[in-house]
>>> print(open('start_33.cif').read())   # mmCIF, C-alpha atoms; chains and numbers go by the auth columns
data_data
loop_
_atom_site.group_PDB
_atom_site.id
_atom_site.type_symbol
_atom_site.label_atom_id
_atom_site.label_comp_id
_atom_site.label_asym_id
_atom_site.label_seq_id
_atom_site.Cartn_x
_atom_site.Cartn_y
_atom_site.Cartn_z
_atom_site.B_iso_or_equiv
_atom_site.auth_seq_id
_atom_site.auth_asym_id
ATOM 1 C CA MET A 1 -162.324 -32.074 -83.630 0.00 958 A
ATOM 2 C CA LEU A 2 -160.459 -34.181 -81.089 0.00 959 A
ATOM 3 C CA ASN A 3 -157.205 -32.322 -81.699 0.00 960 A
ATOM 4 C CA VAL A 4 -158.671 -28.927 -80.826 0.00 961 A
ATOM 5 C CA ILE A 5 -161.443 -29.762 -78.352 0.00 962 A
ATOM 6 C CA HIS A 6 -160.992 -27.876 -75.054 0.00 963 A
ATOM 7 C CA LEU A 7 -158.026 -26.046 -76.640 0.00 964 A
ATOM 8 C CA ASP A 8 -159.379 -23.791 -79.377 0.00 965 A
ATOM 9 C CA ASP A 9 -163.053 -22.811 -79.093 0.00 966 A
ATOM 10 C CA GLU A 10 -163.123 -20.986 -82.426 0.00 967 A
ATOM 11 C CA LYS A 11 -161.837 -24.001 -84.349 0.00 968 A
ATOM 12 C CA VAL A 12 -164.297 -26.236 -82.528 0.00 969 A
ATOM 13 C CA LYS A 13 -167.186 -23.966 -83.589 0.00 970 A
ATOM 14 C CA ALA A 14 -166.003 -24.007 -87.201 0.00 971 A
ATOM 15 C CA ILE A 15 -165.705 -27.811 -87.258 0.00 972 A
ATOM 16 C CA ARG A 16 -169.132 -28.191 -85.642 0.00 973 A
ATOM 17 C CA SER A 17 -170.610 -26.012 -88.356 0.00 974 A
ATOM 18 C CA VAL A 18 -169.069 -28.166 -91.091 0.00 975 A
ATOM 19 C CA LEU A 19 -170.224 -31.406 -89.463 0.00 976 A
ATOM 20 C CA ALA A 20 -173.738 -30.035 -89.041 0.00 977 A
ATOM 21 C CA GLU A 21 -173.807 -29.313 -92.783 0.00 978 A
ATOM 22 C CA VAL A 22 -172.746 -32.906 -93.457 0.00 979 A
ATOM 23 C CA TYR A 23 -175.339 -34.585 -91.242 0.00 980 A
ATOM 24 C CA SER A 24 -178.363 -32.281 -91.515 0.00 981 A
ATOM 25 C CA PRO A 25 -179.421 -33.526 -95.024 0.00 982 A
ATOM 26 C CA LEU A 26 -180.109 -36.953 -93.476 0.00 983 A
ATOM 27 C CA LYS A 27 -183.208 -35.502 -91.806 0.00 984 A
ATOM 28 C CA ASP A 28 -184.672 -34.404 -95.148 0.00 985 A
ATOM 29 C CA CYS A 29 -183.885 -37.821 -96.627 0.00 986 A
ATOM 30 C CA ASP A 30 -185.740 -39.640 -93.860 0.00 987 A
ATOM 31 C CA PRO A 31 -188.553 -40.983 -96.155 0.00 988 A
ATOM 32 C CA TRP A 32 -185.957 -42.800 -98.279 0.00 989 A
ATOM 33 C CA LEU A 33 -183.660 -44.055 -95.509 0.00 990 A
ATOM 34 C CA ARG A 34 -184.349 -47.423 -93.912 0.00 991 A
ATOM 35 C CA PHE A 35 -181.236 -47.811 -91.767 0.00 992 A
ATOM 36 C CA VAL A 36 -178.470 -45.331 -90.918 0.00 993 A
ATOM 37 C CA PHE A 37 -175.598 -46.187 -88.581 0.00 994 A
ATOM 38 C CA ILE A 38 -173.228 -43.448 -87.392 0.00 995 A
ATOM 39 C CA THR A 39 -170.126 -44.353 -85.422 0.00 996 A
ATOM 40 C CA GLY A 40 -166.761 -42.878 -84.516 0.00 997 A
ATOM 41 C CA VAL A 41 -163.902 -42.866 -82.033 0.00 998 A
ATOM 42 C CA THR A 42 -165.718 -40.816 -79.439 0.00 999 A
ATOM 43 C CA LYS A 43 -168.965 -39.022 -78.716 0.00 1000 A
ATOM 44 C CA PHE A 44 -170.001 -35.398 -79.199 0.00 1001 A
ATOM 45 C CA SER A 45 -173.096 -33.750 -77.814 0.00 1002 A
ATOM 46 C CA GLN A 46 -176.132 -34.124 -80.019 0.00 1003 A
ATOM 47 C CA MET A 47 -177.035 -30.452 -79.616 0.00 1004 A
ATOM 48 C CA SER A 48 -173.670 -29.261 -80.919 0.00 1005 A
ATOM 49 C CA ILE A 49 -173.609 -31.239 -84.176 0.00 1006 A
ATOM 50 C CA PHE A 50 -176.863 -33.121 -84.658 0.00 1007 A
ATOM 51 C CA SER A 51 -179.362 -30.425 -83.639 0.00 1008 A
ATOM 52 C CA ALA A 52 -181.280 -30.849 -86.908 0.00 1009 A
ATOM 53 C CA LEU A 53 -180.990 -34.621 -86.784 0.00 1010 A
ATOM 54 C CA ASN A 54 -182.994 -35.149 -83.605 0.00 1011 A
ATOM 55 C CA ASN A 55 -184.260 -38.663 -84.335 0.00 1012 A
ATOM 56 C CA LEU A 56 -181.005 -40.453 -83.506 0.00 1013 A
ATOM 57 C CA LYS A 57 -180.964 -43.290 -80.985 0.00 1014 A
ATOM 58 C CA ASP A 58 -177.782 -43.959 -79.034 0.00 1015 A
ATOM 59 C CA VAL A 59 -177.203 -47.736 -78.994 0.00 1016 A
ATOM 60 C CA SER A 60 -173.679 -47.596 -77.536 0.00 1017 A
ATOM 61 C CA MET A 61 -174.528 -49.324 -74.236 0.00 1018 A
ATOM 62 C CA LEU A 62 -177.419 -51.581 -75.268 0.00 1019 A
ATOM 63 C CA PRO A 63 -176.624 -55.287 -74.680 0.00 1020 A
ATOM 64 C CA ARG A 64 -178.198 -56.456 -77.945 0.00 1021 A
ATOM 65 C CA PHE A 65 -175.708 -54.338 -79.923 0.00 1022 A
ATOM 66 C CA ALA A 66 -172.648 -55.168 -77.788 0.00 1023 A
ATOM 67 C CA SER A 67 -170.963 -57.333 -80.434 0.00 1024 A
ATOM 68 C CA LEU A 68 -171.842 -55.170 -83.446 0.00 1025 A
ATOM 69 C CA CYS A 69 -168.418 -53.550 -83.897 0.00 1026 A
ATOM 70 C CA GLY A 70 -166.088 -56.366 -82.960 0.00 1027 A
ATOM 71 C CA ILE A 71 -165.413 -60.092 -83.323 0.00 1028 A
ATOM 72 C CA THR A 72 -166.771 -62.517 -80.745 0.00 1029 A
ATOM 73 C CA LEU A 73 -164.897 -65.644 -79.687 0.00 1030 A
ATOM 74 C CA GLU A 74 -167.524 -67.810 -81.384 0.00 1031 A
ATOM 75 C CA GLU A 75 -167.234 -65.847 -84.646 0.00 1032 A
ATOM 76 C CA MET A 76 -163.458 -66.092 -84.603 0.00 1033 A
ATOM 77 C CA LEU A 77 -163.419 -69.850 -83.999 0.00 1034 A
ATOM 78 C CA GLU A 78 -166.038 -70.454 -86.681 0.00 1035 A
ATOM 79 C CA GLN A 79 -164.954 -68.058 -89.424 0.00 1036 A
ATOM 80 C CA LEU A 80 -161.185 -67.828 -88.900 0.00 1037 A
ATOM 81 C CA ARG A 81 -160.320 -71.376 -87.872 0.00 1038 A
ATOM 82 C CA LEU A 82 -158.014 -72.055 -90.849 0.00 1039 A
ATOM 83 C CA ASP A 83 -156.213 -68.735 -90.350 0.00 1040 A
ATOM 84 C CA ILE A 84 -155.680 -69.534 -86.670 0.00 1041 A
ATOM 85 C CA LYS A 85 -154.184 -72.915 -87.616 0.00 1042 A
ATOM 86 C CA MET A 86 -151.794 -71.174 -90.018 0.00 1043 A
ATOM 87 C CA LEU A 87 -150.819 -68.702 -87.271 0.00 1044 A
ATOM 88 C CA ALA A 88 -150.264 -71.597 -84.865 0.00 1045 A
ATOM 89 C CA ASP A 89 -147.955 -73.345 -87.327 0.00 1046 A
ATOM 90 C CA ALA A 90 -145.996 -70.135 -87.958 0.00 1047 A
ATOM 91 C CA CYS A 91 -145.525 -69.533 -84.219 0.00 1048 A
ATOM 92 C CA GLY A 92 -144.838 -73.156 -83.301 0.00 1049 A
ATOM 93 C CA LEU A 93 -147.867 -73.322 -81.019 0.00 1050 A
ATOM 94 C CA SER A 94 -150.815 -75.643 -80.672 0.00 1051 A
ATOM 95 C CA TYR A 95 -154.201 -74.467 -81.935 0.00 1052 A
ATOM 96 C CA GLU A 96 -155.513 -74.141 -78.373 0.00 1053 A
ATOM 97 C CA ALA A 97 -152.465 -72.168 -77.212 0.00 1054 A
ATOM 98 C CA THR A 98 -152.795 -69.827 -80.194 0.00 1055 A
ATOM 99 C CA VAL A 99 -156.448 -69.113 -79.362 0.00 1056 A
ATOM 100 C CA GLU A 100 -155.482 -68.317 -75.768 0.00 1057 A
ATOM 101 C CA LYS A 101 -152.703 -66.007 -76.955 0.00 1058 A
ATOM 102 C CA LEU A 102 -155.153 -64.197 -79.247 0.00 1059 A
ATOM 103 C CA ARG A 103 -157.457 -63.757 -76.266 0.00 1060 A
ATOM 104 C CA PHE A 104 -154.595 -62.492 -74.096 0.00 1061 A
ATOM 105 C CA TYR A 105 -153.475 -59.915 -76.652 0.00 1062 A
ATOM 106 C CA TYR A 106 -156.662 -58.764 -78.394 0.00 1063 A
ATOM 107 C CA ASP A 107 -159.742 -59.888 -76.430 0.00 1064 A
ATOM 108 C CA GLY A 108 -161.336 -58.380 -73.343 0.00 1065 A
ATOM 109 C CA TYR A 109 -163.556 -55.607 -74.679 0.00 1066 A
ATOM 110 C CA ALA A 110 -167.074 -55.216 -73.310 0.00 1067 A
ATOM 111 C CA PHE A 111 -169.538 -52.604 -74.501 0.00 1068 A
ATOM 112 C CA SER A 112 -172.470 -53.233 -72.201 0.00 1069 A
ATOM 113 C CA ARG A 113 -173.285 -54.731 -68.804 0.00 1070 A
ATOM 114 C CA ASN A 114 -173.963 -58.138 -70.454 0.00 1071 A
ATOM 115 C CA SER A 115 -171.426 -58.123 -73.257 0.00 1072 A
ATOM 116 C CA PRO A 116 -169.859 -61.245 -74.799 0.00 1073 A
ATOM 117 C CA GLU A 117 -166.103 -61.488 -75.300 0.00 1074 A
ATOM 118 C CA ILE A 118 -165.133 -58.944 -77.965 0.00 1075 A
ATOM 119 C CA PHE A 119 -161.856 -59.013 -79.904 0.00 1076 A
ATOM 120 C CA ASN A 120 -160.310 -56.008 -81.615 0.00 1077 A
ATOM 121 C CA PRO A 121 -160.997 -56.855 -85.301 0.00 1078 A
ATOM 122 C CA PHE A 122 -158.225 -54.598 -86.656 0.00 1079 A
ATOM 123 C CA SER A 123 -155.571 -56.306 -84.544 0.00 1080 A
ATOM 124 C CA VAL A 124 -156.857 -59.860 -84.962 0.00 1081 A
ATOM 125 C CA LEU A 125 -156.993 -59.620 -88.756 0.00 1082 A
ATOM 126 C CA ASN A 126 -153.541 -58.027 -88.934 0.00 1083 A
ATOM 127 C CA CYS A 127 -152.109 -60.652 -86.603 0.00 1084 A
ATOM 128 C CA LEU A 128 -153.541 -63.474 -88.712 0.00 1085 A
ATOM 129 C CA ASP A 129 -152.300 -61.840 -91.911 0.00 1086 A
ATOM 130 C CA ASP A 130 -148.769 -61.123 -90.634 0.00 1087 A
ATOM 131 C CA GLN A 131 -148.695 -64.307 -88.531 0.00 1088 A
ATOM 132 C CA GLU A 132 -147.122 -62.341 -85.710 0.00 1089 A
ATOM 133 C CA PHE A 133 -148.375 -61.013 -82.365 0.00 1090 A
ATOM 134 C CA LYS A 134 -147.830 -57.241 -82.170 0.00 1091 A
ATOM 135 C CA PRO A 135 -149.676 -54.144 -80.836 0.00 1092 A
ATOM 136 C CA TYR A 136 -151.201 -53.303 -84.220 0.00 1093 A
ATOM 137 C CA TRP A 137 -153.870 -50.922 -82.977 0.00 1094 A
ATOM 138 C CA PHE A 138 -151.598 -48.661 -80.911 0.00 1095 A
ATOM 139 C CA SER A 139 -148.938 -48.606 -83.621 0.00 1096 A
ATOM 140 C CA THR A 140 -151.298 -46.621 -85.869 0.00 1097 A
ATOM 141 C CA GLY A 141 -150.406 -43.444 -83.974 0.00 1098 A
ATOM 142 C CA THR A 142 -150.146 -41.814 -80.552 0.00 1099 A
ATOM 143 C CA PRO A 143 -153.532 -40.444 -79.429 0.00 1100 A
ATOM 144 C CA THR A 144 -152.287 -36.949 -78.566 0.00 1101 A
ATOM 145 C CA TYR A 145 -155.743 -35.735 -77.573 0.00 1102 A
ATOM 146 C CA LEU A 146 -155.730 -38.295 -74.737 0.00 1103 A
ATOM 147 C CA ILE A 147 -152.462 -36.885 -73.432 0.00 1104 A
ATOM 148 C CA GLU A 148 -153.910 -33.367 -73.465 0.00 1105 A
ATOM 149 C CA MET A 149 -157.051 -34.506 -71.668 0.00 1106 A
ATOM 150 C CA MET A 150 -155.040 -36.420 -69.070 0.00 1107 A
ATOM 151 C CA ARG A 151 -153.136 -33.221 -68.348 0.00 1108 A
ATOM 152 C CA LYS A 152 -156.329 -31.178 -68.161 0.00 1109 A
ATOM 153 C CA TYR A 153 -158.185 -33.406 -65.695 0.00 1110 A
ATOM 154 C CA PRO A 154 -156.708 -34.963 -62.532 0.00 1111 A
ATOM 155 C CA PHE A 155 -155.786 -38.570 -63.262 0.00 1112 A
ATOM 156 C CA ILE A 156 -153.052 -40.916 -62.077 0.00 1113 A
ATOM 157 C CA PRO A 157 -151.874 -42.908 -65.140 0.00 1114 A
ATOM 158 C CA SER A 158 -150.737 -45.855 -63.024 0.00 1115 A
ATOM 159 C CA GLN A 159 -154.303 -46.484 -61.853 0.00 1116 A
ATOM 160 C CA PHE A 160 -155.805 -48.104 -64.924 0.00 1117 A
ATOM 161 C CA GLU A 161 -157.336 -51.100 -63.157 0.00 1118 A
ATOM 162 C CA ASP A 162 -160.443 -51.580 -61.019 0.00 1119 A
ATOM 163 C CA ILE A 163 -161.738 -48.052 -61.495 0.00 1120 A
ATOM 164 C CA GLU A 164 -165.383 -47.528 -60.553 0.00 1121 A
ATOM 165 C CA ALA A 165 -167.573 -45.292 -62.688 0.00 1122 A
ATOM 166 C CA HIS A 166 -171.269 -44.440 -62.528 0.00 1123 A
ATOM 167 C CA SER A 167 -173.373 -45.270 -65.574 0.00 1124 A
ATOM 168 C CA SER A 168 -173.834 -41.547 -66.300 0.00 1125 A
ATOM 169 C CA TYR A 169 -170.144 -41.300 -67.277 0.00 1126 A
ATOM 170 C CA PHE A 170 -170.752 -43.353 -70.410 0.00 1127 A
ATOM 171 C CA TYR A 171 -173.256 -40.874 -71.778 0.00 1128 A
ATOM 172 C CA SER A 172 -170.961 -37.872 -71.404 0.00 1129 A
ATOM 173 C CA ALA A 173 -170.016 -36.156 -74.656 0.00 1130 A
ATOM 174 C CA THR A 174 -166.335 -35.357 -75.161 0.00 1131 A
ATOM 175 C CA ASP A 175 -167.072 -31.658 -75.553 0.00 1132 A
ATOM 176 C CA GLU A 176 -168.843 -31.641 -72.171 0.00 1133 A
ATOM 177 C CA VAL A 177 -166.736 -33.976 -70.009 0.00 1134 A
ATOM 178 C CA THR A 178 -165.276 -32.936 -66.680 0.00 1135 A
ATOM 179 C CA ASN A 179 -163.643 -36.330 -66.121 0.00 1136 A
ATOM 180 C CA ILE A 180 -161.176 -38.343 -68.204 0.00 1137 A
ATOM 181 C CA LEU A 181 -162.921 -41.700 -67.704 0.00 1138 A
ATOM 182 C CA PRO A 182 -165.508 -41.390 -70.512 0.00 1139 A
ATOM 183 C CA LEU A 183 -162.786 -40.627 -73.060 0.00 1140 A
ATOM 184 C CA LEU A 184 -160.556 -43.478 -71.853 0.00 1141 A
ATOM 185 C CA TYR A 185 -163.498 -45.831 -72.290 0.00 1142 A
ATOM 186 C CA GLN A 186 -164.678 -44.426 -75.616 0.00 1143 A
ATOM 187 C CA SER A 187 -161.148 -44.512 -77.082 0.00 1144 A
ATOM 188 C CA GLY A 188 -160.645 -48.185 -76.142 0.00 1145 A
ATOM 189 C CA CYS A 189 -157.995 -47.710 -73.456 0.00 1146 A
ATOM 190 C CA MET A 190 -160.369 -49.040 -70.811 0.00 1147 A
ATOM 191 C CA THR A 191 -163.338 -51.361 -70.933 0.00 1148 A
ATOM 192 C CA ILE A 192 -166.083 -52.769 -68.716 0.00 1149 A
ATOM 193 C CA LYS A 193 -164.901 -55.463 -66.317 0.00 1150 A
ATOM 194 C CA GLY A 194 -167.946 -55.664 -64.048 0.00 1151 A
ATOM 195 C CA TYR A 195 -171.291 -54.079 -63.207 0.00 1152 A
ATOM 196 C CA ASP A 196 -173.253 -53.534 -59.984 0.00 1153 A
ATOM 197 C CA SER A 197 -176.903 -53.289 -61.044 0.00 1154 A
ATOM 198 C CA THR A 198 -178.046 -52.022 -57.650 0.00 1155 A
ATOM 199 C CA LEU A 199 -175.720 -49.022 -57.579 0.00 1156 A
ATOM 200 C CA GLN A 200 -175.426 -48.759 -61.376 0.00 1157 A
ATOM 201 C CA ILE A 201 -171.663 -48.743 -60.953 0.00 1158 A
ATOM 202 C CA TYR A 202 -169.297 -50.132 -63.603 0.00 1159 A
ATOM 203 C CA THR A 203 -165.813 -51.458 -62.893 0.00 1160 A
ATOM 204 C CA LEU A 204 -163.334 -50.460 -65.605 0.00 1161 A
ATOM 205 C CA GLY A 205 -159.931 -51.815 -66.524 0.00 1162 A
ATOM 206 C CA VAL A 206 -157.443 -52.290 -69.367 0.00 1163 A
ATOM 207 C CA PRO A 207 -158.941 -54.784 -71.852 0.00 1164 A
ATOM 208 C CA ASN A 208 -155.887 -56.776 -72.939 0.00 1165 A
ATOM 209 C CA GLN A 209 -152.113 -56.989 -73.332 0.00 1166 A
ATOM 210 C CA GLU A 210 -152.034 -55.027 -76.579 0.00 1167 A
ATOM 211 C CA VAL A 211 -153.597 -51.989 -74.906 0.00 1168 A
ATOM 212 C CA ARG A 212 -151.504 -52.425 -71.763 0.00 1169 A
ATOM 213 C CA THR A 213 -148.310 -52.490 -73.837 0.00 1170 A
ATOM 214 C CA GLY A 214 -149.447 -49.496 -75.879 0.00 1171 A
ATOM 215 C CA LEU A 215 -150.222 -47.477 -72.771 0.00 1172 A
ATOM 216 C CA MET A 216 -146.862 -48.189 -71.213 0.00 1173 A
ATOM 217 C CA GLU A 217 -144.766 -47.711 -74.356 0.00 1174 A
ATOM 218 C CA THR A 218 -146.638 -44.930 -76.150 0.00 1175 A
ATOM 219 C CA LEU A 219 -149.207 -42.999 -74.143 0.00 1176 A
ATOM 220 C CA LEU A 220 -147.786 -42.809 -70.635 0.00 1177 A
ATOM 221 C CA PRO A 221 -144.169 -41.861 -71.561 0.00 1178 A
ATOM 222 C CA ASN A 222 -145.507 -38.902 -73.547 0.00 1179 A
ATOM 223 C CA TYR A 223 -147.720 -37.906 -70.647 0.00 1180 A
ATOM 224 C CA VAL A 224 -144.910 -38.125 -68.083 0.00 1181 A
ATOM 225 C CA GLN A 225 -142.355 -36.378 -70.321 0.00 1182 A
ATOM 226 C CA ASN A 226 -144.575 -33.361 -70.916 0.00 1183 A
ATOM 227 C CA HIS A 227 -146.417 -33.233 -67.606 0.00 1184 A
#
>>> encode(input="start_33.cif", output="structure tokens")
Amino acid sequence: MLNVIHLDDEKVKAIRSVLAEVYSPLKDCDPWLRFVFITGVTKFSQMSIFSALNNLKDVSMLPRFASLCGITLEEMLEQLRLDIKMLADACGLSYEATVEKLRFYYDGYAFSRNSPEIFNPFSVLNCLDDQEFKPYWFSTGTPTYLIEMMRKYPFIPSQFEDIEAHSSYFYSATDEVTNILPLLYQSGCMTIKGYDSTLQIYTLGVPNQEVRTGLMETLLPNYVQNH
């Protein structure tokens, strides 16, 4: 869906039809389902895919669910303490310095206005397993759909810090967006850095060094080369 969105309407319609067939049986199974959690890289309009499944509740921005899909600092220090010590020994660092380096590389995500510190679980677990600090998440592949969307909508790649966005941006579906910000946030390239409750304005920025390195070495060179 992401590879063809805004590029091939016929393929998008075909994929929507298939996805609707996948999700629509959940409505009929409602009496037997106690808890269903649907997640993904980005968001599509409920009318286009989930028209028959109209009892969904979007919890993406609710503070009480902010740490559901990541690792908090407290969880990491409690559950992964031995692994962090082993990483520290392998890197010749103190335990405290290793924790700070993990925060520098993989922390910084926020998924609500009152979010705790959230680490990228994929990168943290790979770092602890390999005992090496690397951009694990971005090395899984270049997000080509982001490059296409950055070309489609006016955006200056160098301005990834201190960007202000109204709360309505976060509820925009990818198939309906007219601005690149929702997709940058939903894909993990940007995260919440601050919130003005009076104006309902969020401040966005790059979450950590891993993402910053990935943007500079993977995403932006492709964008500039083909722009």
>>> residues_near_point(input="start_33.cif", point="(-169.9, -54.2, -56.4)", cutoff="12 Å", atoms="all atoms listed in the file", output="PyMOL selection string")
chain A and resi 1119-1123+1150-1161
>>> residues_around(input="start_33.cif", residues="Ile995 in chain A", least_positions_apart="5", cutoff="10 Å", atoms="all atoms listed in the file", output="mmCIF file with C-alpha atoms, in the coordinates of the input")
data_model
loop_
_atom_site.group_PDB
_atom_site.id
_atom_site.type_symbol
_atom_site.label_atom_id
_atom_site.label_comp_id
_atom_site.auth_asym_id
_atom_site.auth_seq_id
_atom_site.Cartn_x
_atom_site.Cartn_y
_atom_site.Cartn_z
ATOM 1 C CA TYR A 980 -175.339 -34.585 -91.242
ATOM 2 C CA LEU A 1013 -181.005 -40.453 -83.506
ATOM 3 C CA ASP A 1015 -177.782 -43.959 -79.034
#
>>> atom_distance(input="start_33.cif", atom1="CA of Asn1012 in chain A", atom2="CA of Val993 in chain A")
11.0 Å
>>> resolve_selection(input="start_33.cif", expression="the PyMOL selection byres ((chain A and resi 1017) around 12)", output="PDB file with C-alpha atoms, in the coordinates of the input")
ATOM      1  CA  PHE A 994    -175.598 -46.187 -88.581  1.00  0.00           C
ATOM      2  CA  ILE A 995    -173.228 -43.448 -87.392  1.00  0.00           C
ATOM      3  CA  THR A 996    -170.126 -44.353 -85.422  1.00  0.00           C
ATOM      4  CA  GLY A 997    -166.761 -42.878 -84.516  1.00  0.00           C
ATOM      5  CA  VAL A 998    -163.902 -42.866 -82.033  1.00  0.00           C
ATOM      6  CA  THR A 999    -165.718 -40.816 -79.439  1.00  0.00           C
ATOM      7  CA  LYS A1000    -168.965 -39.022 -78.716  1.00  0.00           C
ATOM      8  CA  LEU A1013    -181.005 -40.453 -83.506  1.00  0.00           C
ATOM      9  CA  LYS A1014    -180.964 -43.290 -80.985  1.00  0.00           C
ATOM     10  CA  ASP A1015    -177.782 -43.959 -79.034  1.00  0.00           C
ATOM     11  CA  VAL A1016    -177.203 -47.736 -78.994  1.00  0.00           C
ATOM     12  CA  MET A1018    -174.528 -49.324 -74.236  1.00  0.00           C
ATOM     13  CA  LEU A1019    -177.419 -51.581 -75.268  1.00  0.00           C
ATOM     14  CA  PRO A1020    -176.624 -55.287 -74.680  1.00  0.00           C
ATOM     15  CA  ARG A1021    -178.198 -56.456 -77.945  1.00  0.00           C
ATOM     16  CA  PHE A1022    -175.708 -54.338 -79.923  1.00  0.00           C
ATOM     17  CA  ALA A1023    -172.648 -55.168 -77.788  1.00  0.00           C
ATOM     18  CA  SER A1024    -170.963 -57.333 -80.434  1.00  0.00           C
ATOM     19  CA  LEU A1025    -171.842 -55.170 -83.446  1.00  0.00           C
ATOM     20  CA  CYS A1026    -168.418 -53.550 -83.897  1.00  0.00           C
ATOM     21  CA  ALA A1067    -167.074 -55.216 -73.310  1.00  0.00           C
ATOM     22  CA  PHE A1068    -169.538 -52.604 -74.501  1.00  0.00           C
ATOM     23  CA  SER A1069    -172.470 -53.233 -72.201  1.00  0.00           C
ATOM     24  CA  ARG A1070    -173.285 -54.731 -68.804  1.00  0.00           C
ATOM     25  CA  SER A1072    -171.426 -58.123 -73.257  1.00  0.00           C
ATOM     26  CA  PHE A1127    -170.752 -43.353 -70.410  1.00  0.00           C
ATOM     27  CA  TYR A1128    -173.256 -40.874 -71.778  1.00  0.00           C
ATOM     28  CA  SER A1129    -170.961 -37.872 -71.404  1.00  0.00           C
ATOM     29  CA  TYR A1142    -163.498 -45.831 -72.290  1.00  0.00           C
ATOM     30  CA  GLN A1143    -164.678 -44.426 -75.616  1.00  0.00           C
TER      31      GLN A1143
END
>>> closest_residue(input="start_33.cif", among="A:Leu1172, A:Ala971, A:Leu1059, A:Ala1054", to="Cys1084 in chain A", atoms="all atoms listed in the file")
A:Leu1059
>>> atom_distance(input="start_33.cif", atom1="CA of Ile1028 in chain A", atom2="CA of Pro1078 in chain A")
5.8 Å
>>> residues_around(input="start_33.cif", residues="Arg1038 in chain A", least_positions_apart="5", cutoff="12 Å", atoms="only C-alpha atoms", output="PyMOL selection string")
chain A and resi 1030-1033+1043-1045+1052-1053+1055-1056+1085
>>> atom_distance(input="start_33.cif", atom1="CA of Asp1040 in chain A", atom2="CA of Val1081 in chain A")
10.4 Å
>>> closest_residue(input="start_33.cif", among="A:Leu983, A:Leu990, A:Leu1037, A:Met1107", to="Asp1086 in chain A", atoms="only C-alpha atoms")
A:Leu1037
>>> closest_residue(input="start_33.cif", among="A:Tyr1126, A:Tyr1063, A:Pro1073, A:Met1106", to="Val1168 in chain A", atoms="all atoms listed in the file")
A:Tyr1063
>>> residues_around(input="start_33.cif", residues="Phe1079 in chain A", least_positions_apart="4", cutoff="9 Å", atoms="all atoms listed in the file", output="MDAnalysis selection string")
chainID A and resid 1027 1083:1084 1093:1094
>>> axis_aligned_box(input="start_33.cif", around="range 1050-1063 of chain A", padding_each_side="5 Å", output="lines of an AutoDock Vina configuration file")
center_x = -152.7
center_y = -67.2
center_z = -78.0
size_x = 19.6
size_y = 26.9
size_z = 17.8
